[in-house]
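J.: My structure is in target09.txt, and what it holds is compact mmCIF, C-alpha atoms and all ligand atoms:
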```txt
# COMPACT_ATOMS: atom_id res chain seq x y z
CA MET A 11 -15.77 -10.52 -16.81
CA GLU A 12 -18.70 -8.85 -18.56
CA LEU A 13 -21.65 -10.18 -20.48
CA LYS A 14 -21.70 -8.34 -23.81
CA ASN A 15 -23.69 -9.32 -26.90
CA SER A 16 -24.63 -12.59 -25.20
CA GLU A 17 -21.04 -13.61 -24.51
CA TYR A 18 -18.72 -13.27 -21.54
CA GLN A 19 -15.66 -11.16 -22.23
CA ILE A 20 -12.56 -9.93 -20.44
CA GLN A 21 -11.32 -6.63 -21.86
CA GLY A 22 -13.31 -7.36 -24.99
CA VAL A 23 -11.79 -10.82 -25.48
CA PRO A 24 -14.38 -13.64 -25.47
CA VAL A 25 -13.67 -15.92 -22.52
CA THR A 26 -14.37 -19.02 -24.63
CA GLU A 27 -11.60 -17.89 -26.99
CA ILE A 28 -9.14 -17.65 -24.10
CA ALA A 29 -10.09 -21.16 -22.98
CA ASN A 30 -9.72 -22.49 -26.53
CA GLU A 31 -6.29 -20.96 -26.90
CA PHE A 32 -4.84 -21.97 -23.54
CA GLN A 33 -7.04 -24.96 -22.62
CA THR A 34 -8.57 -25.76 -19.23
CA PRO A 35 -8.29 -25.76 -16.30
CA LEU A 36 -6.94 -22.23 -16.53
CA TYR A 37 -6.43 -19.26 -14.25
CA VAL A 38 -7.15 -15.98 -16.02
CA TYR A 39 -6.43 -12.58 -14.46
CA ASP A 40 -7.71 -9.22 -15.66
CA ALA A 41 -4.92 -6.64 -15.31
CA ASP A 42 -7.39 -3.75 -15.59
CA LYS A 43 -9.24 -4.94 -12.50
CA ILE A 44 -6.01 -4.98 -10.47
CA ILE A 45 -5.03 -1.51 -11.72
CA ASN A 46 -8.52 -0.23 -10.86
CA GLN A 47 -8.34 -1.55 -7.33
CA ILE A 48 -4.97 0.13 -6.84
CA SER A 49 -6.31 3.50 -7.95
CA THR A 50 -9.54 3.19 -5.94
CA LEU A 51 -7.49 2.56 -2.82
CA ARG A 52 -5.00 5.32 -3.56
CA ASN A 53 -7.66 7.89 -4.49
CA ALA A 54 -9.56 7.23 -1.27
CA PHE A 55 -6.78 8.84 0.77
CA ASN A 56 -6.16 12.51 0.85
CA GLY A 57 -3.34 14.52 2.34
CA VAL A 58 -1.50 11.51 3.71
CA ASN A 59 1.66 9.82 2.52
CA LEU A 60 0.13 6.46 1.57
CA ARG A 61 2.18 3.40 0.63
CA ILE A 62 0.49 0.23 -0.58
CA LYS A 63 2.37 -2.99 0.22
CA TYR A 64 0.91 -5.80 -1.87
CA ALA A 65 0.61 -9.00 0.21
CA MET A 66 2.14 -11.24 -2.42
CA LYS A 67 1.16 -14.47 -0.70
CA SER A 68 -2.27 -13.97 -2.28
CA LEU A 69 -0.93 -14.28 -5.84
CA SER A 70 2.78 -14.40 -6.46
CA ASN A 71 3.27 -14.75 -10.20
CA LEU A 72 6.22 -12.59 -11.33
CA SER A 73 4.13 -10.85 -14.00
CA ILE A 74 1.56 -9.85 -11.38
CA LEU A 75 4.36 -8.56 -9.15
CA LYS A 76 5.79 -6.49 -11.99
CA LEU A 77 2.34 -5.15 -12.87
CA VAL A 78 1.70 -3.83 -9.36
CA LYS A 79 5.27 -2.55 -9.06
CA GLU A 80 4.84 -0.45 -12.20
CA HIS A 81 1.74 1.04 -10.58
CA GLY A 82 3.70 2.28 -7.61
CA VAL A 83 2.83 -0.55 -5.24
CA ASP A 84 5.40 -2.04 -2.85
CA LEU A 85 5.59 -5.57 -1.47
CA ASP A 86 4.67 -7.36 1.75
CA CYS A 87 6.44 -10.71 2.10
CA VAL A 88 5.93 -13.43 4.68
CA SER A 89 8.85 -15.71 3.80
CA ILE A 90 12.43 -15.25 2.69
CA GLN A 91 11.47 -16.95 -0.57
CA GLU A 92 8.84 -14.27 -1.20
CA VAL A 93 11.50 -11.64 -0.50
CA LEU A 94 13.77 -13.25 -3.09
CA LEU A 95 10.93 -13.42 -5.64
CA GLY A 96 10.21 -9.75 -5.00
CA ILE A 97 13.83 -8.88 -5.67
CA GLN A 98 13.68 -11.02 -8.80
CA ALA A 99 10.61 -9.06 -9.93
CA GLY A 100 12.69 -5.89 -9.61
CA PHE A 101 11.38 -4.31 -6.40
CA PRO A 102 14.01 -2.09 -4.76
CA LYS A 103 14.88 -3.62 -1.38
CA GLU A 104 13.61 -0.62 0.57
CA ARG A 105 10.16 -1.19 -0.99
CA ILE A 106 10.00 -4.74 0.36
CA LEU A 107 8.58 -5.41 3.82
CA PHE A 108 9.32 -8.75 5.45
CA THR A 109 6.63 -9.76 7.95
CA PRO A 110 7.37 -13.32 9.02
CA ASN A 111 5.88 -15.32 11.85
CA SER A 112 7.57 -18.14 13.77
CA VAL A 113 10.71 -18.03 11.67
CA SER A 114 14.26 -18.64 12.86
CA PHE A 115 16.56 -15.74 13.65
CA GLU A 116 18.73 -16.96 10.75
CA GLU A 117 15.90 -16.20 8.31
CA ILE A 118 15.62 -12.69 9.75
CA GLN A 119 19.38 -12.23 9.36
CA GLU A 120 19.12 -13.33 5.75
CA ALA A 121 16.52 -10.63 5.18
CA VAL A 122 18.72 -8.05 6.94
CA GLU A 123 21.55 -8.95 4.56
CA LEU A 124 19.21 -8.46 1.61
CA GLY A 125 18.45 -5.00 2.97
CA VAL A 126 14.66 -5.20 3.18
CA VAL A 127 12.47 -3.70 5.92
CA ILE A 128 12.08 -6.15 8.81
CA ASN A 129 8.97 -6.51 10.89
CA ILE A 130 9.50 -8.30 14.21
CA ASP A 131 6.66 -10.28 15.67
CA ASN A 132 7.87 -11.52 19.05
CA ILE A 133 9.92 -10.28 21.99
CA ALA A 134 12.47 -13.11 21.95
CA ILE A 135 13.46 -12.29 18.36
CA LEU A 136 13.44 -8.57 19.17
CA GLU A 137 16.00 -9.21 21.91
CA GLN A 138 18.19 -11.28 19.60
CA PHE A 139 17.85 -8.57 16.95
CA GLY A 140 18.98 -5.96 19.48
CA ASP A 141 21.90 -8.14 20.64
CA VAL A 142 23.23 -8.47 17.10
CA TYR A 143 22.36 -5.18 15.41
CA GLN A 144 21.69 -2.59 18.16
CA ASP A 145 20.76 0.57 16.26
CA THR A 146 22.61 -0.30 13.04
CA VAL A 147 19.60 -1.92 11.37
CA PRO A 148 16.15 -0.34 11.64
CA CYS A 149 13.12 -2.52 12.24
CA ALA A 150 9.38 -2.42 12.68
CA ILE A 151 7.35 -4.11 15.38
CA ARG A 152 4.21 -6.12 14.77
CA ILE A 153 1.64 -5.36 17.42
CA ASN A 154 -1.42 -7.42 18.21
CA PRO A 155 -4.10 -4.87 19.08
CA HIS A 156 -6.52 -7.60 20.19
CA ILE A 157 -9.33 -6.55 18.00
CA THR A 158 -11.50 -9.41 16.89
CA ALA A 159 -12.43 -9.10 13.28
CA GLY A 160 -12.31 -11.20 10.18
CA GLY A 161 -14.69 -13.31 8.14
CA ASN A 162 -13.64 -16.69 9.46
CA ALA A 163 -11.92 -18.03 12.59
CA LYS A 164 -8.93 -19.23 10.54
CA ILE A 165 -8.25 -15.78 9.14
CA GLN A 166 -8.82 -13.80 12.31
CA VAL A 167 -5.30 -13.03 13.40
CA GLY A 168 -5.58 -10.03 15.69
CA HIS A 169 -7.58 -11.46 18.58
CA ILE A 170 -6.22 -12.37 22.01
CA GLY A 171 -5.61 -16.05 21.22
CA SER A 172 -3.80 -15.32 17.97
CA LYS A 173 -0.15 -16.30 17.47
CA PHE A 174 0.54 -13.10 15.55
CA GLY A 175 2.26 -10.00 16.82
CA ILE A 176 3.31 -8.78 20.22
CA SER A 177 0.40 -8.18 22.55
CA ILE A 178 -0.54 -4.61 23.18
CA PHE A 179 -0.40 -5.51 26.88
CA GLN A 180 3.33 -6.21 26.58
CA MET A 181 4.25 -2.77 25.32
CA SER A 182 6.02 -1.70 28.47
CA HIS A 183 8.23 -4.79 28.21
CA VAL A 184 8.88 -4.03 24.52
CA LYS A 185 9.87 -0.51 25.46
CA LYS A 186 12.42 -1.82 27.95
CA VAL A 187 13.90 -4.20 25.38
CA VAL A 188 14.08 -1.44 22.77
CA GLU A 189 15.74 1.02 25.15
CA SER A 190 18.18 -1.43 26.70
CA HIS A 191 19.36 -2.70 23.29
CA ASN A 192 19.21 0.68 21.62
CA ILE A 193 16.97 -0.70 18.83
CA ASN A 194 15.92 1.69 16.09
CA VAL A 195 12.16 1.14 15.71
CA VAL A 196 11.03 2.89 12.55
CA GLY A 197 7.60 1.34 12.11
CA LEU A 198 4.63 -0.07 13.94
CA HIS A 199 2.57 -2.71 12.24
CA MET A 200 -0.66 -4.57 12.81
CA HIS A 201 -2.69 -6.96 10.71
CA SER A 202 -6.02 -7.88 12.22
CA GLY A 203 -6.96 -10.54 9.71
CA SER A 204 -8.72 -10.86 6.44
CA ASP A 205 -12.26 -9.74 5.70
CA ILE A 206 -12.77 -6.86 8.10
CA LEU A 207 -15.99 -5.24 7.07
CA ASP A 208 -16.32 -2.12 9.04
CA SER A 209 -14.22 1.01 8.66
CA GLU A 210 -14.93 1.69 12.35
CA VAL A 211 -12.92 -1.43 13.21
CA PHE A 212 -9.98 -0.11 11.22
CA LEU A 213 -10.25 3.22 12.99
CA MET A 214 -10.41 1.56 16.37
CA ALA A 215 -7.31 -0.47 15.61
CA ALA A 216 -5.59 2.60 14.18
CA ASN A 217 -6.22 4.49 17.39
CA VAL A 218 -4.62 1.69 19.37
CA MET A 219 -1.59 1.97 17.12
CA PHE A 220 -1.44 5.77 17.36
CA ASP A 221 -1.48 5.39 21.11
CA CYS A 222 1.49 3.01 21.04
CA ALA A 223 3.38 5.26 18.68
CA LYS A 224 3.95 7.84 21.41
CA ASP A 225 6.56 5.53 22.91
CA PHE A 226 8.64 5.33 19.72
CA PRO A 227 10.22 8.63 18.68
CA ASN A 228 11.97 7.42 15.47
CA LEU A 229 8.95 6.17 13.55
CA GLN A 230 8.77 6.60 9.79
CA PHE A 231 5.56 4.65 9.18
CA ILE A 232 2.45 3.15 10.68
CA ASP A 233 1.33 -0.02 8.90
CA LEU A 234 -2.32 -0.95 9.38
CA GLY A 235 -2.11 -4.24 7.51
CA SER A 236 -5.12 -5.39 5.60
CA GLY A 237 -8.49 -7.04 5.87
CA PHE A 238 -10.33 -5.20 3.13
CA LYS A 239 -13.38 -7.18 2.16
CA VAL A 240 -14.40 -7.73 -1.44
CA ALA A 241 -17.65 -9.14 -2.80
CA TYR A 242 -17.78 -12.88 -3.26
CA LYS A 243 -21.56 -12.94 -3.63
CA GLU A 244 -23.44 -10.35 -5.62
CA GLU A 245 -25.26 -9.06 -2.54
CA ASP A 246 -22.15 -9.04 -0.31
CA ILE A 247 -21.40 -5.89 1.61
CA VAL A 248 -17.83 -4.78 0.99
CA THR A 249 -15.43 -2.48 2.80
CA ASN A 250 -16.38 1.03 1.82
CA ILE A 251 -12.93 2.14 0.70
CA PRO A 252 -13.75 5.80 -0.06
CA GLU A 253 -15.36 6.16 3.37
CA LEU A 254 -12.48 4.37 5.09
CA GLY A 255 -9.97 6.53 3.21
CA LYS A 256 -11.71 9.73 4.17
CA LYS A 257 -12.03 8.89 7.87
CA MET A 258 -8.56 7.37 8.09
CA SER A 259 -6.90 10.29 6.30
CA LYS A 260 -8.36 12.66 8.86
CA ALA A 261 -7.42 10.46 11.82
CA PHE A 262 -3.90 10.01 10.48
CA GLN A 263 -3.38 13.71 9.86
CA GLU A 264 -4.42 14.42 13.44
CA PHE A 265 -2.09 11.72 14.69
CA CYS A 266 0.86 13.11 12.67
CA ALA A 267 0.18 16.57 14.04
CA SER A 268 0.29 15.30 17.61
CA TYR A 269 3.31 13.07 16.90
CA GLY A 270 5.09 16.14 15.55
CA ARG A 271 6.09 14.72 12.15
CA ASP A 272 4.46 13.44 8.98
CA LEU A 273 4.76 9.68 8.86
CA GLU A 274 3.89 7.29 6.05
CA LEU A 275 0.65 5.34 6.28
CA TRP A 276 0.98 1.79 4.99
CA PHE A 277 -1.60 -0.84 4.07
CA GLU A 278 -0.99 -4.42 2.98
CA PRO A 279 -3.86 -5.53 0.79
CA GLY A 280 -3.71 -8.91 -0.90
CA LYS A 281 -7.26 -10.01 -1.55
CA TYR A 282 -8.46 -6.47 -2.27
CA LEU A 283 -6.03 -5.99 -5.13
CA VAL A 284 -6.29 -9.34 -6.88
CA SER A 285 -9.28 -11.44 -5.78
CA GLU A 286 -11.81 -10.12 -8.27
CA SER A 287 -9.31 -10.05 -11.13
CA GLY A 288 -9.08 -13.85 -11.17
CA HIS A 289 -11.24 -16.51 -12.82
CA LEU A 290 -10.69 -20.25 -12.74
CA LEU A 291 -11.93 -21.57 -16.07
CA THR A 292 -12.90 -25.21 -16.05
CA LYS A 293 -14.66 -27.56 -18.43
CA VAL A 294 -17.61 -29.79 -17.58
CA ASN A 295 -16.57 -33.43 -17.82
CA VAL A 296 -19.73 -35.10 -16.66
CA LEU A 297 -23.29 -34.59 -15.43
CA LYS A 298 -24.41 -37.04 -12.79
CA HIS A 299 -27.91 -37.35 -11.39
CA SER A 300 -28.04 -38.57 -7.81
CA PRO A 301 -31.16 -38.85 -5.64
CA ALA A 302 -30.30 -35.55 -3.97
CA ALA A 303 -28.67 -33.40 -6.61
CA VAL A 304 -27.41 -33.02 -10.13
CA PHE A 305 -23.62 -33.02 -9.96
CA VAL A 306 -21.61 -31.07 -12.46
CA GLY A 307 -18.16 -32.66 -12.54
CA VAL A 308 -15.42 -30.35 -13.82
CA ASP A 309 -11.78 -30.72 -14.83
CA SER A 310 -10.43 -29.08 -11.68
CA GLY A 311 -10.64 -29.63 -7.95
CA LEU A 312 -9.61 -28.60 -4.47
CA ASN A 313 -6.02 -29.07 -5.57
CA HIS A 314 -6.43 -25.96 -7.71
CA LEU A 315 -8.80 -23.95 -5.54
CA ILE A 316 -9.02 -25.05 -1.94
CA ARG A 317 -10.92 -22.10 -0.46
CA PRO A 318 -14.42 -23.63 -0.67
CA MET A 319 -13.29 -26.79 1.11
CA MET A 320 -10.84 -25.13 3.50
CA TYR A 321 -12.76 -22.03 4.53
CA ASP A 322 -16.29 -22.84 3.35
CA ALA A 323 -15.72 -19.89 1.05
CA TYR A 324 -18.40 -19.02 -1.46
CA HIS A 325 -17.10 -18.58 -4.99
CA HIS A 326 -19.62 -17.51 -7.57
CA ILE A 327 -19.83 -19.81 -10.61
CA LYS A 328 -20.95 -18.89 -14.13
CA ASN A 329 -21.73 -20.99 -17.15
CA VAL A 330 -19.71 -19.12 -19.74
CA SER A 331 -20.91 -21.35 -22.59
CA ASN A 332 -24.63 -20.82 -22.06
CA PRO A 333 -25.11 -17.33 -20.62
CA GLU A 334 -28.79 -17.12 -21.52
CA GLY A 335 -29.93 -20.69 -20.90
CA PRO A 336 -32.67 -21.43 -18.35
CA LYS A 337 -31.54 -21.61 -14.72
CA ARG A 338 -31.17 -25.05 -13.17
CA VAL A 339 -29.83 -26.13 -9.78
CA TYR A 340 -26.53 -28.02 -9.49
CA ASP A 341 -23.76 -29.04 -7.17
CA VAL A 342 -20.47 -28.23 -8.89
CA VAL A 343 -17.78 -30.71 -7.91
CA GLY A 344 -14.15 -31.34 -8.76
CA TYR A 345 -12.24 -34.43 -9.87
CA ILE A 346 -10.33 -35.07 -6.66
CA CYS A 347 -10.96 -38.32 -4.77
CA GLU A 348 -12.25 -36.63 -1.67
CA THR A 349 -15.29 -34.44 -1.07
CA ASP A 350 -14.45 -31.66 -3.39
CA THR A 351 -17.32 -29.25 -3.89
CA PHE A 352 -16.94 -25.84 -5.50
CA GLY A 353 -20.57 -24.92 -4.91
CA TYR A 354 -23.76 -26.45 -3.49
CA ASP A 355 -27.23 -25.74 -4.85
CA ARG A 356 -26.04 -23.29 -7.45
CA LYS A 357 -28.42 -21.81 -9.95
CA LEU A 358 -26.54 -21.93 -13.23
CA ASN A 359 -27.68 -21.43 -16.78
CA GLU A 360 -28.36 -24.95 -17.97
CA VAL A 361 -25.15 -26.96 -17.98
CA ARG A 362 -24.19 -29.39 -20.72
CA VAL A 363 -21.16 -31.67 -20.98
CA GLY A 364 -18.30 -29.70 -22.51
CA ASP A 365 -19.51 -26.32 -21.21
CA LEU A 366 -17.01 -23.83 -19.86
CA LEU A 367 -17.59 -22.70 -16.27
CA SER A 368 -15.87 -19.80 -14.58
CA ILE A 369 -15.25 -19.84 -10.85
CA GLU A 370 -15.03 -16.23 -9.73
CA ASN A 371 -12.85 -14.40 -7.18
CA ALA A 372 -10.04 -16.76 -8.07
CA GLY A 373 -7.26 -14.19 -7.96
CA ALA A 374 -6.34 -14.31 -4.27
CA TYR A 375 -5.32 -17.43 -2.34
CA SER A 376 -6.24 -19.58 -5.29
CA TYR A 377 -3.27 -20.48 -7.50
CA SER A 378 -0.99 -19.59 -4.59
CA MET A 379 -2.60 -22.31 -2.44
CA SER A 380 -2.75 -24.94 -5.17
CA SER A 381 -1.09 -28.32 -4.91
CA ASN A 382 -0.42 -31.52 -6.82
CA TYR A 383 -2.75 -33.61 -4.67
CA ASN A 384 -3.94 -36.71 -6.56
CA SER A 385 -0.85 -36.19 -8.73
CA ARG A 386 -2.83 -33.65 -10.73
CA LEU A 387 -1.01 -30.94 -12.65
CA ARG A 388 -1.44 -27.29 -11.78
CA PRO A 389 -3.22 -25.14 -14.39
CA ALA A 390 -1.62 -22.53 -16.59
CA GLU A 391 -2.01 -18.83 -15.73
CA VAL A 392 -2.96 -16.10 -18.20
CA LEU A 393 -2.93 -12.34 -17.71
CA VAL A 394 -5.16 -10.23 -19.95
CA PHE A 395 -3.18 -7.03 -20.40
CA ASN A 396 -4.10 -4.20 -22.80
CA GLY A 397 -6.74 -6.38 -24.44
CA VAL A 398 -4.39 -9.31 -25.08
CA PRO A 399 -4.30 -12.60 -23.14
CA HIS A 400 -0.70 -13.52 -22.26
CA LEU A 401 0.49 -16.83 -20.86
CA ILE A 402 2.28 -16.00 -17.60
CA ARG A 403 2.82 -19.54 -16.35
CA GLN A 404 2.87 -22.76 -18.29
CA ARG A 405 0.62 -25.64 -17.43
CA GLU A 406 2.56 -28.26 -15.47
CA THR A 407 3.74 -31.46 -17.08
CA LEU A 408 4.37 -34.93 -15.73
CA GLU A 409 8.05 -34.08 -15.22
CA ASP A 410 7.02 -31.44 -12.67
CA LEU A 411 5.59 -34.21 -10.50
CA THR A 412 8.88 -36.10 -10.22
CA ARG A 413 11.24 -33.11 -10.30
CA GLY A 414 13.46 -33.25 -7.24
CA GLN A 415 12.59 -36.84 -6.40
CA VAL A 416 15.49 -39.20 -5.91
CA ASP A 417 14.88 -42.70 -7.20
CA ILE A 418 17.16 -44.62 -4.85
CA PHE A 419 16.14 -47.93 -6.37
CA SER A 420 17.73 -47.07 -9.67
CA SER A 421 21.12 -47.77 -8.02
CA ILE A 422 20.50 -50.08 -5.06
CA PRO A 423 18.56 -53.35 -5.08
CA VAL A 424 15.12 -53.27 -3.54
CA LYS A 425 15.52 -56.78 -2.16
CA THR A 426 18.41 -57.82 0.08
CA GLU A 427 20.40 -60.88 -1.01
CA GLU A 428 18.67 -62.99 1.62
CA ALA A 429 15.20 -61.91 0.59
CA SER A 430 15.92 -62.56 -3.07
CA LEU A 431 17.11 -66.17 -2.43
CA ASP A 432 13.63 -67.66 -2.65
C1 LIG A 501 -2.09 -12.19 4.51
C2 LIG A 501 -1.60 -10.90 4.97
C3 LIG A 501 -2.08 -9.70 4.41
C4 LIG A 501 -3.13 -9.66 3.33
O1 LIG A 501 -4.42 -9.98 3.75
P1 LIG A 501 -5.63 -9.86 2.71
O2 LIG A 501 -6.82 -10.27 3.46
O3 LIG A 501 -5.34 -10.75 1.56
O4 LIG A 501 -5.70 -8.47 2.25
C5 LIG A 501 -1.52 -8.53 4.87
N1 LIG A 501 -0.57 -8.52 5.82
C6 LIG A 501 -0.07 -9.65 6.37
C7 LIG A 501 0.98 -9.57 7.39
C8 LIG A 501 -0.58 -10.87 5.98
O5 LIG A 501 -0.11 -11.99 6.55
```
Let me see whether you can do it: turn the structure in this file into structure tokens.
T.:
Amino acid sequence: MELKNSEYQIQGVPVTEIANEFQTPLYVYDADKIINQISTLRNAFNGVNLRIKYAMKSLSNLSILKLVKEHGVDLDCVSIQEVLLGIQAGFPKERILFTPNSVSFEEIQEAVELGVVINIDNIAILEQFGDVYQDTVPCAIRINPHITAGGNAKIQVGHIGSKFGISIFQMSHVKKVVESHNINVVGLHMHSGSDILDSEVFLMAANVMFDCAKDFPNLQFIDLGSGFKVAYKEEDIVTNIPELGKKMSKAFQEFCASYGRDLELWFEPGKYLVSESGHLLTKVNVLKHSPAAVFVGVDSGLNHLIRPMMYDAYHHIKNVSNPEGPKRVYDVVGYICETDTFGYDRKLNEVRVGDLLSIENAGAYSYSMSSNYNSRLRPAEVLVFNGVPHLIRQRETLEDLTRGQVDIFSSIPVKTEEASLD
């Protein structure tokens, strides 16, 4: 979103026009931003066979999936439903990676039948996998390298207390299981959590993985997961992707040379690809002066964007309707009956009832984590592609709230005969 000629625009389209056409609350995604992120990541790596696996849990709209697919990106899925959506979006099965955690063996078998790449995250499932498939179905192993990183305790998933992956300290056991069951391990995977800042942390983790790789002669890829940090605040430090790419390319080339074969290097960005492309547009319903603050009440809430309340995440907020007004301080709050604050003490250009606000970085973990709490409807989604805003998901309607419910009292009496005597 850029400020041009005193108005905010996305690909030259005034944001107020988009809101007028599709109404609020509204999720708007800028396709150019996603495409840019893909090329920045790809161009950072040199002389390595890089595959990008989009972590679709961050934003799973079919049009977004097709957009990244057409730009050569593959898919990382964490549930069988995501796998099925990926297939529906047209991804070839060999370009889909299934990285579940705490799922039943039946769900893994379902994925095997669909023909996607399976990533196994615990020894018990690995043994079952070996019992059933031996070397007939290849698989990858998710390793927990025990590197603590990540912006927030809830999204740190590589540390020693984490439920994810097989501990690096259990590798000799894994080796025994693999050898005794004749399992064909074609990939090693790690994902240390979201929001890793430092390229040195990536390199450290990569070295742990390269070390493990020596024990697996059939590898085709090393998957270093994700954790790329993007800017939520203007002054935020972000992962330096060109620097990471340069250092990692060199480290990976050296590893391939010592391994004896060129492997593929995989990453699984979610947030990096889509976070900054997304904007949650909302309208100001009410201004309320309290002794402590001026509240700006908007037509959205934690049901649409839960990150501020769930992770204390900072999401920048702009007053799209008054880009040059004087700055005033506000608390921006939602319409949910629960503490529901999008931003405390925010300096916004003076806010008036009816103004359009944009909540930024609303591409990743925003719509995909939305709910119907308070029986509120989910917003519509719009993708601005080649300078044109396209509706990619309709706003929900009241029918969506009762879809699937079974009204048992339409056919059986609520009161028993005895109770209805009086
Ligand atoms: C969530 C997740 C990702 C993506 O993380 P981001 O921080 O959004 O880039 C990648 N890999 C796996 C296995 C995940 O669960």
J.: If the box runs along x, y and z of the file and leaves 3 Å on each side of ligand LIG 501 (chain A), what are its centre and edge lengths in Å, one decimal, as AutoDock Vina command-line options?
T.:
```
--center_x -2.9 --center_y -10.3 --center_z 4.5 --size_x 13.8 --size_y 9.7 --size_z 11.8
```
J.: Taking only C-alpha atoms and all ligand atoms into account, which residues have an atom no farther than 10 Å from ligand LIG 501 (chain A)? I'd like them as a PyMOL selection string.
T.: chain A and resi 63-69+85-88+107-111+129+152+160-161+165-167+174-175+199-206+233-240+277-285+374-375
J.: Write out as a list in words each polymer residue whose atoms come within 7 Å of region 336-344 of chain A, counting all atoms listed in the file; drop sequence neighbours fewer than 2 positions from it.
T.: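 Final neighbour list, sorted by chain and number: Ala303, Val304, Phe305, Val306, Gly307, Val308, Asp309, Ser310, Gly311, Leu312, Glu334, Ile346, Asp350, Thr351, Phe352, Gly353, Tyr354, Asp355, Arg356, Lys357, Leu358, Asn359 and Glu360 of chain A.
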J.: Taking (8.7, 0.1, -2.5) as a centre in this file's frame and 9 Å as the limit, can you find every polymer residue with an atom that close, using all atoms listed in the file, and give them as a PyMOL selection string?
T.: chain A and resi 61-63+79+82-85+101-107
J.: Go ahead and compute the interatomic distance for CA of Ile251 (chain A) and CA of Ile157 (chain A), in Å to one decimal.
T.: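 Answer for the CA of Ile251 (chain A) to CA of Ile157 (chain A) separation: 19.7 Å.
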J.: Quick one: residues within 9 Å of Ala150 (chain A), all atoms listed in the file counted, chain neighbours fewer than 2 positions away excluded, as a list in words?
T.: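 What passes the distance filter is Val127, Ile128, Asn129, Ile130, Asp131, Pro148, Arg152, Asn194, Val195, Val196, Gly197, Leu198, His199, Leu229 and Phe231 of chain A.
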J.: For Leu124 (chain A), which of A:Ala223, A:Val38, A:Leu94, A:Met320 is the closest residue, counting all atoms listed in the file?
T.: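 Result for the nearest residue to Leu124 (chain A): A:Leu94.
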